[in-house]
Amino acid sequence: MSLGENTKKIVLTKVMKGFASYLKKDPEGRINKTINAVATMGERFSFLPVFKNQLSGVKSLAEKDHPGKQLVINFIKDTNVDVLKKLAVNFIVNGAWVGIPKQRAITKREGFNVPFFLLIDPTERCNYHCKGCWAGAYGRIDMPFELFDRILTEAEELGIYYIVVSGGEPTVYPHLIDAFKKHPDMAFMIYSNGSLFTKEFSKKIAEVGNAMPCFSVEGFKEKTDERRGPGAWDRVMQAMDNMREVGVPFGYSITETRYNIEEVLSDEFVDFMINKGAKIAWYFQYIPIGDKPYLDMMLTPEQRMHSYERIHYIRSHKPLFAADFWNDGPYTGGCLAGGRRYLHITADGGIEPCAFIHLSQGNIKDMSLKEALQLPFFKEIQKLQPYSDNLLSPCLLIDHPDYFRKIASMPGVKATDATAENMSKEVGKHLDKLSKDWEKLSRPVFEKDFPEVAAKAKEYKKKKEEIIKKGGGNIEQFYVSDEIDK
């Protein structure tokens, strides 16, 4: 970073901390004025168009008194001012102003894609034994702290400031807080069952100020305890109370199954979580991987469409940021995985495209993160993305199982559980049929709800196939100038 850029960073950091303090004193009365000031700041400090567009979106929500405005107000009111300052600086200054331009400059200069975030499992150990756990077949081991620290350091050097921490149960990892302390400029999100979020541990999270948990639940008490074990609901409710008490924002995470889909998307459940203090909701479909695949737990195409419709309703009517990991393909340009926008590193160092794609072509112990991003199977995945011009069908595994088989058969690619083997058995047959049924149901909806995106996706897919046919193209053509991706 040049002297001029470093000076701008110092100024911008002070400005963001000032905004946080200013807003904290009167969120309702000062929200619109602050958002306008931040939008103006985006021009002054030369934020990339993608971030300016996001600021414009937030400004529009505030002016229309959309529930998103109340979400921002709730976030500010419920968050400790020091945590608020830290998160504002790490997300806006480090992640957006410093990080994204650095990622794109490296992508353009060196010819490999740098993702926006990493998903890392510092441990695969867990104190729960949930039915159908996606990570249940991994060995119950910890990642050496030196390795975890190295990955985070190398990520920051590439402009990656956002890290998602999963497992296993991350809080059983003895060096978790140490990692947060050693990398204060990074923002961490933790997927946790909440069982170890004691008052003491919650205070430590507040003290570091750069980590936000998302707690896994399966619905209300009965369904959560049924899958996660007796007492799981009470423990996670206490964890949420502890987070609220110390002023650290949190969210909840749902695995949608055939048996809980109505409950977890109901107004009753969502309103309960909002009143509890949740600001973010992550909805994932059950995927037949991990310890043992349970095909009966998978959503039907009709249930998946119900999730799509309900989450859009929740976004427009509730003060909650709700994300639908698969059905949000129209907003993300399709699949995020394979190093395009993120990748997954397991506790034993396995380098995977995604938390749900259990294939690896190398180990981070044997290479740098920069080298990992250039693995051949990542490049092949990125060439295939988006896998379809129907962006409601974005997933390599459940929507395009033949592409999964293609990647799994590449030289040097190894399965990290039985998923690849199962693709030639009942699981594979089920996904072949399910993907076709979903395509029939979802394509008309995608083209109706997102006509402009659908037209761009079709045009981009065709253009990309022509580039590859003529001799490959380069990553800059595929991503830096990708209109769908902006």
# chains A, B, ... in the order shown; residues from 1 in each chain; ligands from 1

$ closest_atom_pairs --of "region 321-405 of chain A" --to "region 100-118 of chain A" --cutoff "7 Å" --atoms "only C-alpha atoms" --output "tab-separated table"
residue	atom	partner	partner_atom	distance
A:Gly339	CA	A:Pro115	CA	5.6
A:Arg340	CA	A:Pro115	CA	5.4
A:Arg341	CA	A:Pro115	CA	4.1
A:Tyr342	CA	A:Pro115	CA	5.1
A:Leu343	CA	A:Leu118	CA	5.5
A:His344	CA	A:Leu118	CA	6.3
A:Leu373	CA	A:Phe112	CA	7.0
A:Gln374	CA	A:Phe112	CA	6.1

$ write_last_selection --atoms "N, CA and C atoms" --output "short mmCIF file (atom, residue, chain, number, x, y, z; two decimals), in the first residue's frame"
data_model
loop_
_atom_site.label_atom_id
_atom_site.label_comp_id
_atom_site.auth_asym_id
_atom_site.auth_seq_id
_atom_site.Cartn_x
_atom_site.Cartn_y
_atom_site.Cartn_z
N GLY A 339 -13.27 -21.49 -5.37
CA GLY A 339 -12.34 -20.38 -5.43
C GLY A 339 -12.88 -19.17 -6.16
N ARG A 340 -14.12 -19.26 -6.67
CA ARG A 340 -14.69 -18.10 -7.35
C ARG A 340 -14.96 -16.99 -6.35
N ARG A 341 -15.71 -17.30 -5.32
CA ARG A 341 -15.94 -16.35 -4.24
C ARG A 341 -15.54 -16.92 -2.88
N TYR A 342 -15.39 -18.24 -2.81
CA TYR A 342 -14.86 -18.85 -1.58
C TYR A 342 -14.40 -20.26 -1.85
N LEU A 343 -13.67 -20.81 -0.86
CA LEU A 343 -13.30 -22.22 -0.87
C LEU A 343 -13.30 -22.70 0.58
N HIS A 344 -13.16 -24.00 0.76
CA HIS A 344 -13.26 -24.61 2.08
C HIS A 344 -11.96 -25.34 2.41
N LEU A 373 -5.18 -21.71 -4.75
CA LEU A 373 -6.17 -21.05 -5.62
C LEU A 373 -5.94 -21.35 -7.10
N GLN A 374 -4.76 -21.90 -7.42
CA GLN A 374 -4.44 -22.20 -8.82
C GLN A 374 -4.53 -23.69 -9.14
#

$ residues_around --residues "Met240 (chain A)" --least-positions-apart "5" --cutoff "9 Å" --atoms "only C-alpha atoms" --output "ChimeraX atom specification"
/A:194,197,215,235,245,250-251,276-278

$ closest_residue --among "A:Thr79, A:Ile407, A:Phe377, A:Glu302" --to "Arg244 (chain A)" --atoms "only C-alpha atoms"
A:Thr79

$ residues_around --residues "Thr153 (chain A)" --least-positions-apart "2" --cutoff "12 Å" --atoms "only C-alpha atoms" --output "NGL selection string"
:A and (146-151 or 155-161 or 163 or 179-180 or 182-186 or 368-370)

$ residues_around --residues "Ile398 (chain A)" --least-positions-apart "4" --cutoff "10 Å" --atoms "only C-alpha atoms" --output "mmCIF file with N, CA, C and O atoms, in the first residue's frame"
data_model
loop_
_atom_site.group_PDB
_atom_site.id
_atom_site.type_symbol
_atom_site.label_atom_id
_atom_site.label_comp_id
_atom_site.auth_asym_id
_atom_site.auth_seq_id
_atom_site.Cartn_x
_atom_site.Cartn_y
_atom_site.Cartn_z
ATOM 1 N N ILE A 287 -28.276 -31.646 2.475
ATOM 2 C CA ILE A 287 -27.600 -32.267 1.330
ATOM 3 C C ILE A 287 -27.112 -33.648 1.769
ATOM 4 O O ILE A 287 -26.528 -33.792 2.849
ATOM 5 N N PRO A 288 -27.310 -34.678 0.951
ATOM 6 C CA PRO A 288 -26.975 -36.061 1.368
ATOM 7 C C PRO A 288 -25.478 -36.356 1.294
ATOM 8 O O PRO A 288 -24.998 -37.072 0.410
ATOM 9 N N TRP A 326 -28.796 -21.732 -1.700
ATOM 10 C CA TRP A 326 -28.902 -22.223 -3.082
ATOM 11 C C TRP A 326 -29.820 -21.356 -3.941
ATOM 12 O O TRP A 326 -29.489 -21.067 -5.083
ATOM 13 N N PHE A 356 -19.919 -28.337 0.898
ATOM 14 C CA PHE A 356 -20.784 -29.447 0.495
ATOM 15 C C PHE A 356 -20.214 -30.253 -0.674
ATOM 16 O O PHE A 356 -20.837 -31.216 -1.112
ATOM 17 N N SER A 393 -30.596 -22.654 -10.425
ATOM 18 C CA SER A 393 -30.057 -24.011 -10.432
ATOM 19 C C SER A 393 -28.532 -23.928 -10.385
ATOM 20 O O SER A 393 -27.840 -24.296 -11.335
ATOM 21 N N PRO A 394 -27.957 -23.436 -9.254
ATOM 22 C CA PRO A 394 -26.537 -23.086 -9.231
ATOM 23 C C PRO A 394 -25.581 -24.155 -8.730
ATOM 24 O O PRO A 394 -24.370 -24.001 -8.873
ATOM 25 N N ASP A 402 -23.849 -34.418 -12.906
ATOM 26 C CA ASP A 402 -22.901 -34.877 -13.926
ATOM 27 C C ASP A 402 -21.623 -34.047 -13.915
ATOM 28 O O ASP A 402 -20.521 -34.569 -14.147
ATOM 29 N N PHE A 404 -20.458 -32.644 -11.221
ATOM 30 C CA PHE A 404 -19.759 -33.132 -10.017
ATOM 31 C C PHE A 404 -18.939 -34.369 -10.360
ATOM 32 O O PHE A 404 -17.769 -34.483 -9.976
ATOM 33 N N GLY A 428 -26.857 -40.900 -6.141
ATOM 34 C CA GLY A 428 -26.671 -40.314 -7.458
ATOM 35 C C GLY A 428 -27.926 -40.380 -8.307
ATOM 36 O O GLY A 428 -28.277 -39.412 -8.992
ATOM 37 N N HIS A 430 -30.962 -40.503 -7.234
ATOM 38 C CA HIS A 430 -31.928 -39.573 -6.666
ATOM 39 C C HIS A 430 -31.626 -38.143 -7.107
ATOM 40 O O HIS A 430 -32.549 -37.395 -7.499
ATOM 41 N N LEU A 431 -30.352 -37.747 -7.080
ATOM 42 C CA LEU A 431 -29.982 -36.392 -7.469
ATOM 43 C C LEU A 431 -30.166 -36.161 -8.967
ATOM 44 O O LEU A 431 -30.524 -35.058 -9.379
ATOM 45 N N ASP A 432 -29.932 -37.182 -9.778
ATOM 46 C CA ASP A 432 -30.164 -37.053 -11.221
ATOM 47 C C ASP A 432 -31.621 -36.684 -11.498
ATOM 48 O O ASP A 432 -31.915 -35.780 -12.279
ATOM 49 N N LYS A 433 -32.522 -37.385 -10.825
ATOM 50 C CA LYS A 433 -33.952 -37.121 -11.031
ATOM 51 C C LYS A 433 -34.369 -35.793 -10.398
ATOM 52 O O LYS A 433 -35.093 -34.993 -11.009
ATOM 53 N N LEU A 434 -33.888 -35.552 -9.187
ATOM 54 C CA LEU A 434 -34.261 -34.339 -8.477
ATOM 55 C C LEU A 434 -33.819 -33.096 -9.245
ATOM 56 O O LEU A 434 -34.554 -32.101 -9.326
ATOM 57 N N SER A 435 -32.625 -33.139 -9.807
ATOM 58 C CA SER A 435 -32.106 -31.975 -10.543
ATOM 59 C C SER A 435 -32.943 -31.680 -11.779
ATOM 60 O O SER A 435 -33.192 -30.510 -12.109
ATOM 61 N N LYS A 436 -33.384 -32.710 -12.449
ATOM 62 C CA LYS A 436 -34.236 -32.513 -13.635
ATOM 63 C C LYS A 436 -35.600 -31.945 -13.235
ATOM 64 O O LYS A 436 -36.143 -31.053 -13.909
ATOM 65 N N TRP A 438 -36.254 -30.158 -10.582
ATOM 66 C CA TRP A 438 -36.073 -28.781 -10.144
ATOM 67 C C TRP A 438 -35.887 -27.840 -11.331
ATOM 68 O O TRP A 438 -36.407 -26.729 -11.341
#

$ closest_residue --among "A:Glu426, A:Glu218, A:Asp366, A:Glu309" --to "Asn260 (chain A)" --atoms "only C-alpha atoms"
A:Glu218

$ select_by_dssp --residues "region 221-458 of chain A" --states "helix (DSSP H, G or I)" --output "number ranges by chain"
A: 221-228, 232-246, 261-264, 267-276, 295-297, 301-317, 329-332, 364-366, 369-372, 376-384, 401-408, 419-422, 426-449, 451-458

$ atom_distance --atom1 "CA of Ile467 (chain A)" --atom2 "CA of Ala337 (chain A)"
21.4 Å

$ residues_around --residues "region 449-457 of chain A" --least-positions-apart "5" --cutoff "9 Å" --atoms "only C-alpha atoms" --output "ChimeraX atom specification"
/A:330-331,333,386,388-391,444,462,483-484

$ atom_distance --atom1 "CA of Glu226 (chain A)" --atom2 "CA of Leu295 (chain A)"
17.8 Å

$ residues_around --residues "Leu87 (chain A)" --least-positions-apart "5" --cutoff "8 Å" --atoms "only C-alpha atoms" --output "ChimeraX atom specification"
/A:187,209-210

$ write_last_selection --atoms "N, CA and C atoms" --output "PDB file, in the first residue's frame"
ATOM      1  N   ALA A 187     -12.608  -9.872   9.725  1.00  0.00           N
ATOM      2  CA  ALA A 187     -13.940 -10.100  10.280  1.00  0.00           C
ATOM      3  C   ALA A 187     -14.240 -11.596  10.204  1.00  0.00           C
ATOM      4  N   GLY A 209     -14.014  -8.329  19.484  1.00  0.00           N
ATOM      5  CA  GLY A 209     -14.840  -7.414  18.703  1.00  0.00           C
ATOM      6  C   GLY A 209     -14.914  -7.662  17.217  1.00  0.00           C
ATOM      7  N   ASN A 210     -14.247  -8.696  16.705  1.00  0.00           N
ATOM      8  CA  ASN A 210     -14.219  -8.913  15.248  1.00  0.00           C
ATOM      9  C   ASN A 210     -14.832 -10.251  14.841  1.00  0.00           C
TER      10      ASN A 210
END

$ residues_around --residues "Trp282 (chain A)" --least-positions-apart "5" --cutoff "12 Å" --atoms "only C-alpha atoms" --output "JSON, numbers by chain"
{"A": [189, 191, 213, 214, 215, 216, 217, 218, 250, 251, 252, 253, 254, 255, 256, 264, 265, 270, 307, 311, 320, 321, 322, 323, 324, 325, 326, 327, 328]}

$ write_last_selection --atoms "N, CA, C and O atoms" --output "mmCIF file, in the first residue's frame"
data_model
loop_
_atom_site.group_PDB
_atom_site.id
_atom_site.type_symbol
_atom_site.label_atom_id
_atom_site.label_comp_id
_atom_site.auth_asym_id
_atom_site.auth_seq_id
_atom_site.Cartn_x
_atom_site.Cartn_y
_atom_site.Cartn_z
ATOM 1 N N MET A 189 -16.958 -14.849 10.989
ATOM 2 C CA MET A 189 -18.290 -15.336 11.325
ATOM 3 C C MET A 189 -18.171 -16.794 11.759
ATOM 4 O O MET A 189 -17.491 -17.584 11.084
ATOM 5 N N TYR A 191 -19.969 -20.410 12.722
ATOM 6 C CA TYR A 191 -21.130 -21.310 12.783
ATOM 7 C C TYR A 191 -20.963 -22.198 14.009
ATOM 8 O O TYR A 191 -19.993 -22.946 14.108
ATOM 9 N N PRO A 213 -21.228 -14.712 15.818
ATOM 10 C CA PRO A 213 -21.691 -16.095 15.692
ATOM 11 C C PRO A 213 -23.035 -16.222 14.988
ATOM 12 O O PRO A 213 -23.872 -15.311 15.033
ATOM 13 N N CYS A 214 -23.224 -17.344 14.321
ATOM 14 C CA CYS A 214 -24.527 -17.759 13.814
ATOM 15 C C CYS A 214 -24.817 -19.124 14.429
ATOM 16 O O CYS A 214 -24.045 -20.069 14.246
ATOM 17 N N PHE A 215 -25.921 -19.204 15.163
ATOM 18 C CA PHE A 215 -26.230 -20.391 15.951
ATOM 19 C C PHE A 215 -27.170 -21.325 15.186
ATOM 20 O O PHE A 215 -28.179 -20.897 14.638
ATOM 21 N N SER A 216 -26.817 -22.609 15.195
ATOM 22 C CA SER A 216 -27.594 -23.612 14.462
ATOM 23 C C SER A 216 -28.791 -24.086 15.269
ATOM 24 O O SER A 216 -28.646 -24.518 16.415
ATOM 25 N N VAL A 217 -29.957 -24.003 14.661
ATOM 26 C CA VAL A 217 -31.193 -24.534 15.243
ATOM 27 C C VAL A 217 -31.959 -25.251 14.142
ATOM 28 O O VAL A 217 -31.722 -25.026 12.959
ATOM 29 N N GLU A 218 -32.886 -26.097 14.547
ATOM 30 C CA GLU A 218 -33.644 -26.892 13.574
ATOM 31 C C GLU A 218 -35.126 -26.533 13.579
ATOM 32 O O GLU A 218 -35.945 -27.245 13.000
ATOM 33 N N PHE A 250 -25.615 -11.353 16.402
ATOM 34 C CA PHE A 250 -25.576 -12.772 16.061
ATOM 35 C C PHE A 250 -26.701 -13.093 15.091
ATOM 36 O O PHE A 250 -27.617 -12.292 14.862
ATOM 37 N N GLY A 251 -26.608 -14.278 14.522
ATOM 38 C CA GLY A 251 -27.643 -14.757 13.629
ATOM 39 C C GLY A 251 -27.987 -16.192 13.946
ATOM 40 O O GLY A 251 -27.506 -16.760 14.924
ATOM 41 N N TYR A 252 -28.834 -16.773 13.117
ATOM 42 C CA TYR A 252 -29.142 -18.187 13.266
ATOM 43 C C TYR A 252 -28.979 -18.889 11.928
ATOM 44 O O TYR A 252 -29.057 -18.272 10.861
ATOM 45 N N SER A 253 -28.717 -20.183 12.010
ATOM 46 C CA SER A 253 -28.485 -21.008 10.827
ATOM 47 C C SER A 253 -29.439 -22.192 10.839
ATOM 48 O O SER A 253 -29.613 -22.840 11.869
ATOM 49 N N ILE A 254 -30.038 -22.453 9.698
ATOM 50 C CA ILE A 254 -31.049 -23.509 9.570
ATOM 51 C C ILE A 254 -30.631 -24.525 8.512
ATOM 52 O O ILE A 254 -30.194 -24.149 7.423
ATOM 53 N N THR A 255 -30.755 -25.798 8.830
ATOM 54 C CA THR A 255 -30.707 -26.836 7.802
ATOM 55 C C THR A 255 -32.148 -27.207 7.482
ATOM 56 O O THR A 255 -32.844 -27.820 8.298
ATOM 57 N N GLU A 256 -32.609 -26.796 6.308
ATOM 58 C CA GLU A 256 -33.985 -27.098 5.911
ATOM 59 C C GLU A 256 -34.095 -28.577 5.531
ATOM 60 O O GLU A 256 -33.297 -29.078 4.731
ATOM 61 N N VAL A 264 -39.562 -23.663 10.182
ATOM 62 C CA VAL A 264 -38.437 -22.717 10.198
ATOM 63 C C VAL A 264 -38.673 -21.501 9.314
ATOM 64 O O VAL A 264 -37.959 -20.499 9.433
ATOM 65 N N LEU A 265 -39.664 -21.563 8.430
ATOM 66 C CA LEU A 265 -39.997 -20.429 7.563
ATOM 67 C C LEU A 265 -41.268 -19.716 8.008
ATOM 68 O O LEU A 265 -41.699 -18.753 7.366
ATOM 69 N N VAL A 270 -39.738 -17.074 12.727
ATOM 70 C CA VAL A 270 -38.882 -15.959 12.327
ATOM 71 C C VAL A 270 -39.047 -14.787 13.291
ATOM 72 O O VAL A 270 -38.057 -14.176 13.719
ATOM 73 N N SER A 307 -39.450 -22.453 -0.057
ATOM 74 C CA SER A 307 -38.377 -21.747 0.641
ATOM 75 C C SER A 307 -38.001 -20.474 -0.111
ATOM 76 O O SER A 307 -37.837 -19.405 0.491
ATOM 77 N N ILE A 311 -38.566 -16.904 1.780
ATOM 78 C CA ILE A 311 -37.412 -16.083 2.147
ATOM 79 C C ILE A 311 -37.480 -14.720 1.471
ATOM 80 O O ILE A 311 -37.113 -13.700 2.069
ATOM 81 N N LEU A 320 -34.699 -8.479 9.115
ATOM 82 C CA LEU A 320 -33.778 -9.613 9.202
ATOM 83 C C LEU A 320 -33.098 -9.790 7.859
ATOM 84 O O LEU A 320 -33.761 -9.763 6.820
ATOM 85 N N PHE A 321 -31.770 -9.967 7.869
ATOM 86 C CA PHE A 321 -31.060 -10.291 6.633
ATOM 87 C C PHE A 321 -31.107 -11.805 6.471
ATOM 88 O O PHE A 321 -30.409 -12.535 7.174
ATOM 89 N N ALA A 322 -31.939 -12.285 5.566
ATOM 90 C CA ALA A 322 -32.111 -13.724 5.363
ATOM 91 C C ALA A 322 -31.471 -14.137 4.047
ATOM 92 O O ALA A 322 -31.725 -13.535 3.001
ATOM 93 N N ALA A 323 -30.627 -15.151 4.103
ATOM 94 C CA ALA A 323 -29.921 -15.638 2.919
ATOM 95 C C ALA A 323 -30.321 -17.084 2.644
ATOM 96 O O ALA A 323 -30.418 -17.899 3.559
ATOM 97 N N ASP A 324 -30.555 -17.380 1.377
ATOM 98 C CA ASP A 324 -30.941 -18.716 0.934
ATOM 99 C C ASP A 324 -29.790 -19.249 0.092
ATOM 100 O O ASP A 324 -29.618 -18.867 -1.063
ATOM 101 N N PHE A 325 -28.981 -20.137 0.683
ATOM 102 C CA PHE A 325 -27.684 -20.493 0.102
ATOM 103 C C PHE A 325 -27.777 -20.966 -1.346
ATOM 104 O O PHE A 325 -26.916 -20.654 -2.161
ATOM 105 N N TRP A 326 -28.796 -21.732 -1.700
ATOM 106 C CA TRP A 326 -28.902 -22.223 -3.082
ATOM 107 C C TRP A 326 -29.820 -21.356 -3.941
ATOM 108 O O TRP A 326 -29.489 -21.067 -5.083
ATOM 109 N N ASN A 327 -30.935 -20.920 -3.392
ATOM 110 C CA ASN A 327 -31.906 -20.196 -4.218
ATOM 111 C C ASN A 327 -31.535 -18.740 -4.458
ATOM 112 O O ASN A 327 -32.263 -18.025 -5.148
ATOM 113 N N ASP A 328 -30.414 -18.287 -3.907
ATOM 114 C CA ASP A 328 -29.961 -16.915 -4.157
ATOM 115 C C ASP A 328 -28.999 -16.824 -5.334
ATOM 116 O O ASP A 328 -28.325 -15.803 -5.508
#

$ closest_residue --among "A:Lys406, A:Lys463, A:Lys69, A:Lys8" --to "Gly29 (chain A)" --atoms "only C-alpha atoms"
A:Lys69

$ closest_residue --among "A:Trp233, A:Glu439, A:Gly334, A:Phe446" --to "Tyr460 (chain A)" --atoms "only C-alpha atoms"
A:Gly334

$ atom_distance --atom1 "CA of Lys221 (chain A)" --atom2 "CA of Arg258 (chain A)"
17.3 Å

$ closest_residue --among "A:Gly349, A:Gly229, A:Gly139, A:Pro122" --to "Asp178 (chain A)" --atoms "only C-alpha atoms"
A:Pro122

$ closest_residue --among "A:Gln303, A:Asn74, A:Asn90, A:Thr34" --to "Thr257 (chain A)" --atoms "only C-alpha atoms"
A:Gln303

$ select_by_dssp --residues "region 90-123 of chain A" --states "strand (DSSP E or B)" --output "PDB file with N, CA and C atoms, in the first residue's frame"
ATOM      1  N   PHE A 117     -13.981 -14.534   0.364  1.00  0.00           N
ATOM      2  CA  PHE A 117     -13.840 -15.059   1.722  1.00  0.00           C
ATOM      3  C   PHE A 117     -13.394 -16.514   1.706  1.00  0.00           C
ATOM      4  N   LEU A 118     -12.986 -16.997   2.874  1.00  0.00           N
ATOM      5  CA  LEU A 118     -12.607 -18.394   3.066  1.00  0.00           C
ATOM      6  C   LEU A 118     -13.495 -19.013   4.123  1.00  0.00           C
ATOM      7  N   LEU A 119     -13.775 -20.288   3.980  1.00  0.00           N
ATOM      8  CA  LEU A 119     -14.423 -21.085   5.027  1.00  0.00           C
ATOM      9  C   LEU A 119     -13.366 -22.041   5.562  1.00  0.00           C
ATOM     10  N   ILE A 120     -13.073 -21.939   6.849  1.00  0.00           N
ATOM     11  CA  ILE A 120     -12.009 -22.747   7.454  1.00  0.00           C
ATOM     12  C   ILE A 120     -12.564 -23.504   8.657  1.00  0.00           C
ATOM     13  N   THR A 123     -11.201 -27.045  13.560  1.00  0.00           N
ATOM     14  CA  THR A 123     -11.350 -28.354  14.193  1.00  0.00           C
ATOM     15  C   THR A 123     -12.502 -29.093  13.538  1.00  0.00           C
TER      16      THR A 123
END
